[in-house]
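K.L.:
Just run13.tsv, nothing more (TSV, C-alpha atoms and all ligand atoms):
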```tsv
chain	number	residue	atom	x	y	z
A	1	MET	CA	67.61	-33.27	139.81
A	2	LEU	CA	70.17	-34.28	142.41
A	3	PHE	CA	71.90	-36.59	139.95
A	4	GLU	CA	71.88	-33.87	137.27
A	5	GLU	CA	73.38	-31.32	139.66
A	6	TYR	CA	76.12	-33.73	140.52
A	7	LYS	CA	76.91	-34.26	136.88
A	8	TYR	CA	77.38	-30.55	136.12
A	9	LEU	CA	79.71	-30.08	139.07
A	10	ASP	CA	82.18	-32.34	137.26
A	11	TYR	CA	82.82	-29.58	134.72
A	12	GLN	CA	85.80	-27.47	135.76
A	13	PHE	CA	85.89	-23.72	135.30
A	14	PRO	CA	89.25	-22.85	133.63
A	15	GLU	CA	91.29	-21.07	136.28
A	16	PRO	CA	90.97	-17.32	135.72
A	17	GLN	CA	93.46	-14.58	136.52
A	18	TYR	CA	91.21	-11.59	136.98
A	19	LEU	CA	91.13	-8.94	139.66
A	20	GLY	CA	88.27	-9.68	142.00
A	21	ALA	CA	87.42	-13.07	140.47
A	22	LYS	CA	85.40	-15.11	142.94
A	23	TYR	CA	86.81	-18.41	141.73
A	24	THR	CA	88.29	-19.33	145.12
A	25	LEU	CA	85.13	-18.25	146.97
A	26	LEU	CA	82.61	-20.27	144.97
A	27	PRO	CA	81.90	-22.93	147.64
A	28	TRP	CA	81.24	-20.14	150.14
A	29	ILE	CA	78.96	-18.18	147.77
A	30	ASN	CA	77.16	-21.38	146.78
A	31	LYS	CA	75.88	-21.76	150.36
A	32	PHE	CA	73.80	-18.59	149.99
A	33	ILE	CA	72.03	-19.42	146.72
A	34	PRO	CA	68.38	-19.97	147.67
A	35	LYS	CA	67.10	-23.44	146.78
A	36	ASN	CA	64.06	-22.46	144.72
A	37	VAL	CA	65.91	-20.28	142.16
A	38	LYS	CA	65.08	-21.05	138.53
A	39	THR	CA	66.81	-18.10	136.81
A	40	ALA	CA	69.80	-16.16	138.11
A	41	LEU	CA	71.58	-13.10	136.78
A	42	ASP	CA	75.31	-12.44	137.24
A	43	ALA	CA	75.21	-8.68	136.68
A	44	PHE	CA	78.94	-7.78	136.81
A	45	ALA	CA	80.23	-11.14	135.66
A	46	GLY	CA	83.95	-10.44	134.96
A	47	SER	CA	85.68	-13.80	134.48
A	48	GLN	CA	82.20	-15.47	134.62
A	49	SER	CA	83.16	-17.70	137.53
A	50	VAL	CA	79.89	-17.14	139.44
A	51	ALA	CA	77.78	-17.44	136.28
A	52	PHE	CA	79.53	-20.78	135.68
A	53	LEU	CA	78.56	-21.88	139.21
A	54	PHE	CA	74.91	-20.98	138.48
A	55	LYS	CA	75.08	-22.95	135.23
A	56	GLN	CA	76.61	-25.94	137.03
A	57	THR	CA	73.79	-26.02	139.55
A	58	GLY	CA	71.25	-26.35	136.72
A	59	ILE	CA	69.88	-22.81	137.03
A	60	ARG	CA	68.97	-20.86	133.88
A	61	THR	CA	71.80	-18.32	133.81
A	62	VAL	CA	71.78	-14.80	132.47
A	63	THR	CA	75.16	-13.12	132.59
A	64	ASN	CA	76.49	-9.66	131.79
A	65	ASP	CA	79.60	-7.51	131.79
A	66	PHE	CA	80.12	-4.12	130.15
A	67	LEU	CA	83.51	-5.22	128.80
A	68	ASP	CA	83.22	-7.30	125.66
A	69	PHE	CA	86.20	-9.55	126.34
A	70	ASN	CA	84.32	-10.79	129.42
A	71	ASN	CA	81.15	-11.21	127.39
A	72	LYS	CA	83.11	-13.50	125.03
A	73	ILE	CA	83.80	-15.80	128.00
A	74	GLY	CA	80.07	-15.63	128.79
A	75	LEU	CA	79.11	-16.54	125.23
A	76	SER	CA	81.61	-19.39	125.05
A	77	LEU	CA	81.16	-21.00	128.47
A	78	ILE	CA	77.70	-19.91	129.70
A	79	GLU	CA	75.48	-19.47	126.61
A	80	ASN	CA	77.26	-22.03	124.45
A	81	LYS	CA	75.95	-25.59	124.85
A	82	THR	CA	78.06	-27.69	122.49
A	83	GLU	CA	80.54	-25.81	120.28
A	84	LYS	CA	84.26	-26.56	120.83
A	85	LEU	CA	87.38	-25.64	118.88
A	86	THR	CA	88.61	-28.57	116.76
A	87	ASN	CA	91.92	-29.15	115.00
A	88	ASP	CA	90.34	-27.87	111.76
A	89	ASP	CA	89.40	-24.66	113.56
A	90	LEU	CA	92.99	-24.29	114.76
A	91	LYS	CA	94.19	-24.60	111.16
A	92	ILE	CA	91.92	-21.66	110.28
A	93	LEU	CA	93.07	-19.58	113.24
A	94	PHE	CA	96.78	-20.13	112.65
A	95	GLN	CA	96.80	-19.85	108.82
A	96	PRO	CA	98.45	-16.78	107.25
A	97	SER	CA	95.60	-14.33	106.83
A	98	LYS	CA	94.72	-12.82	103.46
A	99	ASN	CA	93.63	-9.68	105.32
A	100	LYS	CA	96.78	-9.22	107.33
A	101	GLU	CA	97.55	-5.77	105.85
A	102	ILE	CA	94.37	-4.31	107.33
A	103	PHE	CA	94.86	-6.11	110.66
A	104	ASP	CA	97.79	-4.33	112.27
A	105	LEU	CA	96.37	-2.71	115.41
A	106	MET	CA	98.25	-4.87	117.92
A	107	GLU	CA	101.52	-4.50	116.05
A	108	ASN	CA	101.17	-0.72	115.76
A	109	THR	CA	99.95	-0.16	119.30
A	110	PHE	CA	101.65	-2.64	121.60
A	111	THR	CA	104.92	-3.79	120.00
A	112	ASP	CA	107.80	-3.45	122.47
A	113	ILE	CA	105.41	-2.35	125.22
A	114	PHE	CA	103.79	-5.66	126.19
A	115	PHE	CA	104.99	-8.07	123.50
A	116	GLU	CA	107.73	-8.41	120.94
A	117	LYS	CA	106.94	-7.81	117.28
A	118	SER	CA	106.66	-11.50	116.36
A	119	GLU	CA	103.92	-11.84	119.01
A	120	THR	CA	101.92	-8.76	118.03
A	121	PHE	CA	102.16	-9.93	114.41
A	122	PHE	CA	100.84	-13.35	115.46
A	123	LEU	CA	97.99	-11.72	117.43
A	124	ASP	CA	96.87	-9.55	114.49
A	125	ASN	CA	96.96	-12.55	112.16
A	126	PHE	CA	94.96	-14.67	114.63
A	127	ARG	CA	92.45	-11.81	115.13
A	128	ALA	CA	91.98	-11.49	111.37
A	129	ASN	CA	91.08	-15.21	111.21
A	130	ILE	CA	88.58	-15.35	114.09
A	131	PRO	CA	85.61	-14.18	111.94
A	132	LEU	CA	86.28	-17.14	109.60
A	133	LEU	CA	85.16	-19.63	112.27
A	134	ASP	CA	81.67	-20.71	111.43
A	135	ASN	CA	79.62	-19.63	114.44
A	136	ILE	CA	79.63	-17.06	117.22
A	137	TYR	CA	80.35	-19.60	119.96
A	138	LYS	CA	83.53	-20.87	118.33
A	139	GLN	CA	84.56	-17.28	117.73
A	140	ALA	CA	83.87	-16.39	121.36
A	141	LEU	CA	85.86	-19.42	122.52
A	142	ALA	CA	88.81	-18.32	120.38
A	143	PHE	CA	88.64	-14.87	122.01
A	144	ALA	CA	88.35	-16.31	125.53
A	145	VAL	CA	91.36	-18.60	125.11
A	146	ILE	CA	93.67	-16.16	123.32
A	147	ASN	CA	92.84	-13.42	125.84
A	148	ARG	CA	93.63	-15.76	128.72
A	149	SER	CA	96.87	-16.76	126.96
A	150	MET	CA	97.88	-13.09	126.86
A	151	THR	CA	97.33	-12.62	130.59
A	152	ARG	CA	99.35	-15.80	131.23
A	153	LYS	CA	102.28	-14.31	129.36
A	154	ILE	CA	102.30	-11.04	131.30
A	155	THR	CA	103.72	-10.61	134.80
A	156	MET	CA	100.91	-9.88	137.26
A	157	GLY	CA	98.35	-10.90	134.61
A	158	HIS	CA	97.20	-7.40	133.74
A	159	PHE	CA	98.19	-4.52	131.45
A	160	GLY	CA	98.28	-1.63	133.89
A	161	HIS	CA	102.08	-1.46	133.99
A	162	THR	CA	104.90	-1.07	131.49
A	163	GLN	CA	107.30	-3.64	132.96
A	164	ALA	CA	106.17	-6.62	130.88
A	165	LEU	CA	109.24	-6.89	128.65
A	166	VAL	CA	111.62	-6.02	131.50
A	167	TYR	CA	110.21	-8.91	133.51
A	168	ALA	CA	110.25	-11.18	130.47
A	169	ASN	CA	114.05	-10.76	130.45
A	170	ASP	CA	114.54	-11.26	134.17
A	171	ALA	CA	116.02	-14.73	134.83
A	172	GLU	CA	114.62	-14.94	138.36
A	173	ARG	CA	111.08	-14.19	137.21
A	174	ILE	CA	111.36	-16.59	134.29
A	175	LYS	CA	112.38	-19.33	136.70
A	176	ARG	CA	109.15	-18.71	138.65
A	177	ASN	CA	106.97	-18.29	135.56
A	178	ARG	CA	108.05	-19.93	132.30
A	179	SER	CA	105.05	-18.44	130.48
A	180	LEU	CA	106.90	-15.11	130.33
A	181	VAL	CA	109.13	-16.51	127.59
A	182	ARG	CA	106.75	-18.93	125.90
A	183	PRO	CA	105.08	-18.01	122.60
A	184	ILE	CA	101.41	-17.06	122.99
A	185	LYS	CA	100.53	-19.72	120.42
A	186	GLU	CA	102.05	-22.43	122.62
A	187	ILE	CA	100.19	-21.19	125.70
A	188	PHE	CA	96.97	-21.10	123.64
A	189	LYS	CA	97.37	-24.74	122.61
A	190	GLU	CA	98.14	-25.78	126.17
A	191	ILE	CA	95.09	-24.19	127.81
A	192	LEU	CA	92.55	-24.78	125.02
A	193	PRO	CA	91.53	-28.25	126.34
A	194	ASN	CA	90.55	-26.68	129.70
A	195	TYR	CA	88.11	-24.42	127.85
A	196	ASN	CA	86.80	-27.10	125.46
A	197	ASN	CA	86.16	-29.38	128.44
A	198	ALA	CA	84.22	-26.64	130.23
A	199	VAL	CA	81.60	-26.41	127.45
A	200	PHE	CA	78.39	-28.17	128.50
A	201	ASP	CA	74.62	-28.05	128.18
A	202	ASN	CA	72.71	-27.65	131.45
A	203	LYS	CA	69.43	-28.01	129.51
A	204	GLN	CA	68.60	-24.33	129.94
A	205	ASP	CA	68.69	-21.40	127.52
A	206	ASN	CA	71.44	-19.35	129.11
A	207	LYS	CA	72.29	-15.90	127.81
A	208	SER	CA	75.34	-13.62	127.87
A	209	PHE	CA	75.02	-9.83	127.52
A	210	ASN	CA	77.47	-6.96	127.03
A	211	TYR	CA	75.74	-3.93	128.53
A	212	ASN	CA	76.12	-1.40	131.24
A	213	ILE	CA	73.95	-3.17	133.83
A	214	LEU	CA	71.84	-0.04	134.29
A	215	ASP	CA	70.82	-0.28	130.63
A	216	LEU	CA	70.24	-4.03	130.70
A	217	LEU	CA	68.01	-4.35	133.78
A	218	PRO	CA	64.93	-2.56	132.38
A	219	GLY	CA	64.79	-5.10	129.52
A	220	ILE	CA	64.98	-8.40	131.41
A	221	LYS	CA	62.23	-10.18	133.33
A	222	ASN	CA	61.57	-13.26	135.45
A	223	ILE	CA	64.85	-13.30	137.35
A	224	ASP	CA	64.69	-14.95	140.81
A	225	LEU	CA	68.20	-14.11	142.01
A	226	VAL	CA	70.68	-11.42	141.04
A	227	TYR	CA	74.34	-11.50	142.03
A	228	PHE	CA	76.05	-8.10	142.15
A	229	ASP	CA	79.84	-8.04	142.25
A	230	PRO	CA	80.57	-4.42	141.30
A	231	PRO	CA	84.04	-2.92	141.11
A	232	TYR	CA	85.10	-2.06	144.65
A	233	CYS	CA	85.23	1.72	144.44
A	234	ASP	CA	88.50	3.04	145.92
A	235	SER	CA	90.19	-0.37	145.80
A	236	HIS	CA	91.23	-1.60	142.34
A	237	ALA	CA	88.12	-0.49	140.43
A	238	ASP	CA	89.81	0.46	137.16
A	239	TYR	CA	89.11	-2.61	135.05
A	240	GLN	CA	89.57	-0.70	131.81
A	241	GLY	CA	93.02	0.41	132.97
A	242	PHE	CA	94.09	-3.12	133.90
A	243	TYR	CA	92.59	-5.00	130.94
A	244	HIS	CA	92.52	-2.37	128.18
A	245	LEU	CA	94.65	-4.50	125.87
A	246	LEU	CA	92.17	-7.39	125.90
A	247	GLU	CA	89.28	-5.05	125.12
A	248	THR	CA	91.29	-3.42	122.33
A	249	PHE	CA	92.14	-6.84	120.85
A	250	THR	CA	88.50	-7.94	121.07
A	251	GLU	CA	86.88	-4.72	119.78
A	252	TYR	CA	89.69	-3.89	117.40
A	253	TRP	CA	88.87	-0.22	117.96
A	254	LYS	CA	88.87	2.12	114.99
A	255	ASP	CA	87.60	5.16	116.88
A	256	LYS	CA	89.83	5.45	119.96
A	257	GLN	CA	93.07	7.08	120.92
A	258	PHE	CA	95.73	5.06	122.72
A	259	VAL	CA	97.11	7.11	125.57
A	260	ASN	CA	100.00	7.17	128.03
A	261	GLY	CA	102.71	4.54	128.57
A	262	ILE	CA	100.36	1.55	128.59
A	263	LYS	CA	98.41	2.73	125.49
A	264	ARG	CA	95.03	2.49	127.16
A	265	TYR	CA	92.13	3.32	124.88
A	266	GLU	CA	90.39	6.64	125.27
A	267	PRO	CA	87.57	7.50	125.73
A	268	GLN	CA	86.68	4.69	128.10
A	269	ARG	CA	83.26	3.12	128.57
A	270	TYR	CA	81.11	4.64	131.30
A	271	SER	CA	80.68	2.36	134.33
A	272	GLY	CA	79.01	4.45	137.06
A	273	PHE	CA	80.48	2.16	139.73
A	274	ASP	CA	84.17	2.99	139.64
A	275	LYS	CA	84.28	6.64	140.74
A	276	ARG	CA	83.31	8.17	144.08
A	277	LYS	CA	81.24	10.90	142.50
A	278	ASP	CA	78.91	8.42	140.73
A	279	VAL	CA	78.82	5.33	142.86
A	280	ILE	CA	76.06	6.07	145.37
A	281	SER	CA	73.57	7.35	142.83
A	282	SER	CA	74.42	4.35	140.59
A	283	PHE	CA	73.68	1.91	143.42
A	284	ILE	CA	70.35	3.61	144.08
A	285	LYS	CA	69.46	3.28	140.38
A	286	LEU	CA	70.64	-0.34	140.38
A	287	PHE	CA	68.47	-1.25	143.36
A	288	GLU	CA	65.43	0.57	142.02
A	289	LEU	CA	65.78	-1.25	138.70
A	290	SER	CA	66.05	-4.57	140.59
A	291	GLU	CA	62.83	-4.15	142.58
A	292	GLU	CA	61.15	-7.05	140.74
A	293	ILE	CA	63.99	-9.48	141.50
A	294	PRO	CA	63.25	-11.04	144.89
A	295	ASN	CA	66.69	-12.26	146.00
A	296	TRP	CA	69.95	-10.35	145.81
A	297	LEU	CA	73.48	-11.39	146.74
A	298	ILE	CA	75.99	-8.54	146.82
A	299	SER	CA	79.75	-9.04	147.10
A	300	TYR	CA	81.67	-6.28	148.80
A	301	ASN	CA	84.88	-5.55	150.67
A	302	ASN	CA	85.60	-3.66	153.88
A	303	ARG	CA	87.99	-1.27	152.09
A	304	SER	CA	85.54	0.15	149.57
A	305	TYR	CA	83.53	3.32	149.30
A	306	PRO	CA	80.85	3.64	150.61
A	307	GLY	CA	81.77	1.81	153.83
A	308	ILE	CA	79.91	-1.30	154.89
A	309	GLU	CA	77.53	0.36	157.36
A	310	GLU	CA	76.56	3.13	154.98
A	311	PHE	CA	76.09	0.63	152.17
A	312	GLU	CA	73.96	-1.64	154.35
A	313	LYS	CA	71.74	1.33	155.17
A	314	ILE	CA	71.20	1.99	151.46
A	315	ILE	CA	70.38	-1.67	150.75
A	316	SER	CA	68.00	-1.94	153.70
A	317	LYS	CA	65.65	0.58	152.11
A	318	TYR	CA	64.87	-2.11	149.56
A	319	ARG	CA	65.53	-5.50	151.17
A	320	ASP	CA	65.99	-7.29	154.47
A	321	VAL	CA	69.72	-7.78	154.63
A	322	ARG	CA	72.13	-10.08	156.48
A	323	VAL	CA	75.89	-9.51	156.38
A	324	GLU	CA	78.19	-12.52	155.91
A	325	ALA	CA	81.98	-12.08	156.07
A	326	LYS	CA	85.04	-14.09	155.18
A	327	THR	CA	88.50	-12.91	156.22
A	328	TYR	CA	91.41	-13.46	153.87
A	329	GLN	CA	94.32	-15.20	155.52
A	330	ASN	CA	96.59	-14.22	152.64
A	331	GLY	CA	96.44	-11.80	149.73
A	332	ARG	CA	94.91	-14.25	147.25
A	333	GLY	CA	91.28	-13.28	147.52
A	334	GLY	CA	89.25	-10.89	145.40
A	335	LYS	CA	89.95	-7.41	144.09
A	336	GLY	CA	93.45	-6.67	145.26
A	337	SER	CA	92.67	-8.24	148.59
A	338	VAL	CA	95.33	-8.17	151.23
A	339	ALA	CA	95.79	-10.29	154.35
A	340	GLY	CA	93.22	-9.31	156.96
A	341	SER	CA	90.85	-7.65	154.47
A	342	LYS	CA	87.33	-9.00	154.50
A	343	GLU	CA	85.17	-10.28	151.71
A	344	ILE	CA	81.57	-9.39	152.49
A	345	LEU	CA	78.39	-10.91	151.12
A	346	PHE	CA	75.13	-9.06	151.68
A	347	VAL	CA	72.38	-11.68	151.62
A	348	CYS	CA	69.21	-9.81	150.70
A	349	THR	CA	65.64	-11.12	150.78
A	350	PRO	CA	62.25	-9.47	150.23
A	351	LYS	CA	61.18	-7.30	153.16
A	352	LYS	CA	58.93	-9.05	155.64
A	353	LYS	CA	55.68	-7.20	156.12
A	354	TYR	CA	54.77	-6.52	159.75
A	355	PHE	CA	51.13	-6.03	160.64
A	356	ILE	CA	50.22	-4.14	163.82
A	401	LIG	C1	84.64	-7.41	140.65
A	401	LIG	S1	84.56	-7.66	138.96
A	401	LIG	C2	83.53	-9.09	138.87
A	401	LIG	C3	84.30	-10.34	139.17
A	401	LIG	C4	83.50	-11.60	138.91
A	401	LIG	N1	82.50	-11.83	139.90
A	401	LIG	C5	84.42	-12.78	138.80
A	401	LIG	O1	84.25	-13.76	139.55
A	401	LIG	O2	85.32	-12.76	137.95
A	401	LIG	C6	83.51	-6.35	138.46
A	401	LIG	C7	83.14	-6.36	136.98
A	401	LIG	O3	82.17	-5.34	136.76
A	401	LIG	C8	82.31	-4.90	135.42
A	401	LIG	N2	81.59	-3.62	135.36
A	401	LIG	C9	81.96	-2.40	135.84
A	401	LIG	N3	80.98	-1.49	135.65
A	401	LIG	C10	79.96	-2.15	135.04
A	401	LIG	C11	78.65	-1.75	134.61
A	401	LIG	N4	78.21	-0.51	134.78
A	401	LIG	N5	77.85	-2.69	134.05
A	401	LIG	C12	78.30	-3.96	133.88
A	401	LIG	N6	79.52	-4.38	134.25
A	401	LIG	C13	80.34	-3.50	134.84
A	401	LIG	C14	83.82	-4.86	135.22
A	401	LIG	O4	84.15	-4.98	133.85
A	401	LIG	C15	84.28	-6.08	136.04
A	401	LIG	O5	84.46	-7.20	135.20
```
What would the structure in this file look like if it were written as structure tokens?
Ligand SMILES: C[S@@+](CC[C@H](N)C(=O)[O-])C[C@H]1O[C@@H](n2cnc3c(N)ncnc32)[C@H](O)[C@@H]1O
P.N.:
Amino acid sequence: MLFEEYKYLDYQFPEPQYLGAKYTLLPWINKFIPKNVKTALDAFAGSQSVAFLFKQTGIRTVTNDFLDFNNKIGLSLIENKTEKLTNDDLKILFQPSKNKEIFDLMENTFTDIFFEKSETFFLDNFRANIPLLDNIYKQALAFAVINRSMTRKITMGHFGHTQALVYANDAERIKRNRSLVRPIKEIFKEILPNYNNAVFDNKQDNKSFNYNILDLLPGIKNIDLVYFDPPYCDSHADYQGFYHLLETFTEYWKDKQFVNGIKRYEPQRYSGFDKRKDVISSFIKLFELSEEIPNWLISYNNRSYPGIEEFEKIISKYRDVRVEAKTYQNGRGGKGSVAGSKEILFVCTPKKKYFI
């Protein structure tokens, strides 16, 4: 087992650019994974960095995010054991599509807002070709890599602002980040090997889901550890505002409106964890639905609602809980972290029974 574990740690997770990604905190989180865990669930998986850590350590990994573009990363890097994108697949993805006339959502919605017309045309054509790849893992990999290429091309790596094309014409910014002026296709080809090389088989049947976690939990069994990394309510919780374009590209919505300057889709999916009015009752539901899972790890931040003490009180109704903290020295931590803010990990174990 030791040798096997060592082998999987050689696989590199492709560097994400996602608000709240725990990529830089993985060695710290790893210390709190109990040794006897056979199956772990990453419930709010986002970029999938923690699910990837579970997979690397040989654990059977179940992963979930309610946004489908994140699920595509889960399918391609967590559930997928062997499928990679080959040069023949690239020929399919880049060929002029026969269906191009009915694939025009990116061009119609985002031209001159985030990308120039040649780029939105390229994206629609690429999107039309994805279903031609011969299995769901290759398709998911194509989504994961093209979506990451789009965030590389955008200043700040998200779509919650309308400055993309202004920045793409700013010589100073271009000097700092050449990707602003590089074609998406070129970025795609550059980063693809990082994704292909991250595909591996840890000899477990891993699974990626795309549900609201409150709907998924009743249907899954035999989980030894669950990792909760919910949006930090009150501090950058609006994932659908920041990454709407990736979800629109992935879902290719037919039934939404595209609103305000950034053309975010409307109506949005219901989270339950991103608004003050819902968040406490959602956590109570979450913890009740997780009663059968013995070990919980919960990521949190000292600038979120509810505050740490109140949150700890809620958790301690269900589990014995220990609070671990890591202070950011700079602003490069999770979820819009700023220098001096703290990343918290609640380490939760089954309640000890006391007999009198
Ligand atoms: C803080 S991020 C997770 C970051 C992740 N640990 C990483 O390393 O990239 C929170 C995630 O929760 C997802 N989310 C929000 N509400 C959800 C819900 N009700 N069910 C499942 N996922 C949800 C968001 O899409 C977002 O990706």
K.L.:
Please identify all protein, DNA and RNA residues within 9 Å of ligand LIG 401 (chain A), counting only C-alpha atoms and all ligand atoms, and report them as a ChimeraX atom specification.
P.N.:
/A:16-26,42-51,64-68,70,210-216,227-232,236-240,243,269-274,282,299-300,334-335
K.L.:
So which residues touch His161 of chain A within 9 Å, counting only C-alpha atoms, skipping near sequence neighbours fewer than 6 positions away, as a list in words?
P.N.:
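Result of the neighbour search: Phe242, Gly261 and Ile262 of chain A.
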K.L.:
Skipping near chain neighbours, those fewer than 5 positions away, what residues fall within 10 Å of Thr155 of chain A using all atoms listed in the file, listed as a list in words?
P.N.:
Phe114, His161, Gln163, Ala164, Leu165, Val166, Tyr167, Ala168, Arg173, Ile174, Asn177, Ser179 and Leu180 of chain A
K.L.:
Hey, which of A:Arg127, A:Lys98, A:Arg148, A:Arg319 ends up closest to Ile187 of chain A? Count only C-alpha atoms.
P.N.:
A:Arg148
K.L.:
Please provide as a PyMOL selection string all residues within 9 Å of segment 7-11 of chain A, with the sequence filter that same-chain residues fewer than 4 positions apart are discarded (counting all atoms listed in the file).
P.N.:
chain A and resi 2-3+53+55-58+197-202
K.L.:
Would you work out the distance separating atom CA of Phe110 of chain A from atom CA of Leu245 of chain A, expressed in Å to one decimal?
P.N.:
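Taking atom CA of Phe110 of chain A as the start and atom CA of Leu245 of chain A as the end point, the length is 8.4 Å.
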K.L.:
When you look at Asn196 of chain A with a cut-off of 12 Å (counting all atoms listed in the file), what residues show up, excluding the ones that are within fewer than 3 positions of it in the same chain? I need them as a PyMOL selection string.
P.N.:
chain A and resi 11-14+73+76-77+80-87+137-138+140-142+144-145+188-193+199-200
K.L.:
Measuring between all atoms listed in the file, which one of A:Val62, A:Asn295, A:His244, A:Lys342 shows the shortest distance to Val259 of chain A?
P.N.:
A:His244
K.L.:
One decimal, Å: what's the distance from atom CA of Met150 of chain A over to atom CA of Arg178 of chain A, could you say?
P.N.:
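Rounded to one decimal, the two atoms are 13.4 Å apart.
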K.L.:
Considering all atoms listed in the file, state which residue in the set A:Lys313, A:Ser304, A:Met106, A:Val347 is at the smallest distance from Ala325 of chain A.
P.N.:
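For Ala325 of chain A, the nearest of the given residues is A:Val347.
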K.L.:
Mind giving me the straight-line distance from atom CA of Lys351 of chain A to atom CA of Pro27 of chain A in Å, one decimal?
P.N.:
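Interatomic distance, atom CA of Lys351 of chain A to atom CA of Pro27 of chain A: 26.5 Å.
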K.L.:
Using all atoms listed in the file, find the one residue out of A:Lys285, A:Arg276, A:Lys221, A:Arg182 that sits nearest to Cys233 of chain A.
P.N.:
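Nearest to Cys233 of chain A: A:Arg276.
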K.L.:
Find the spatial neighbours of Pro294 of chain A, counting only C-alpha atoms, within a cut-off of 9 Å - ignore same-chain residues fewer than 4 positions away - and output them as a ChimeraX atom specification.
P.N.:
/A:223-226,290,319,348-350
K.L.:
Using only C-alpha atoms, which residue out of A:Ile78, A:Ile315, A:Gly219, A:Thr151 lies closest to Tyr195 of chain A?
P.N.:
A:Ile78
K.L.:
May I ask which of the residues A:Leu105, A:Phe69, A:Asp170, A:Phe54 is the closest one to Lys31 of chain A, counting all atoms listed in the file?
P.N.:
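Smallest separation from Lys31 of chain A among the options: A:Phe54.
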K.L.:
Got a sec to check which residues sit within 12 Å of (79.2, 1.1, 152.6), counting all atoms listed in the file, and write them as a list in words?
P.N.:
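Collected hits near the coordinates: Tyr232, Cys233, Asp234, Arg276, Val279, Ile280, Phe283, Ile298, Ser299, Tyr300, Asn301, Asn302, Arg303, Ser304, Tyr305, Pro306, Gly307, Ile308, Glu309, Glu310, Phe311, Glu312, Lys313, Ile314, Ile315, Ser316, Val323, Ile344 and Phe346 of chain A.
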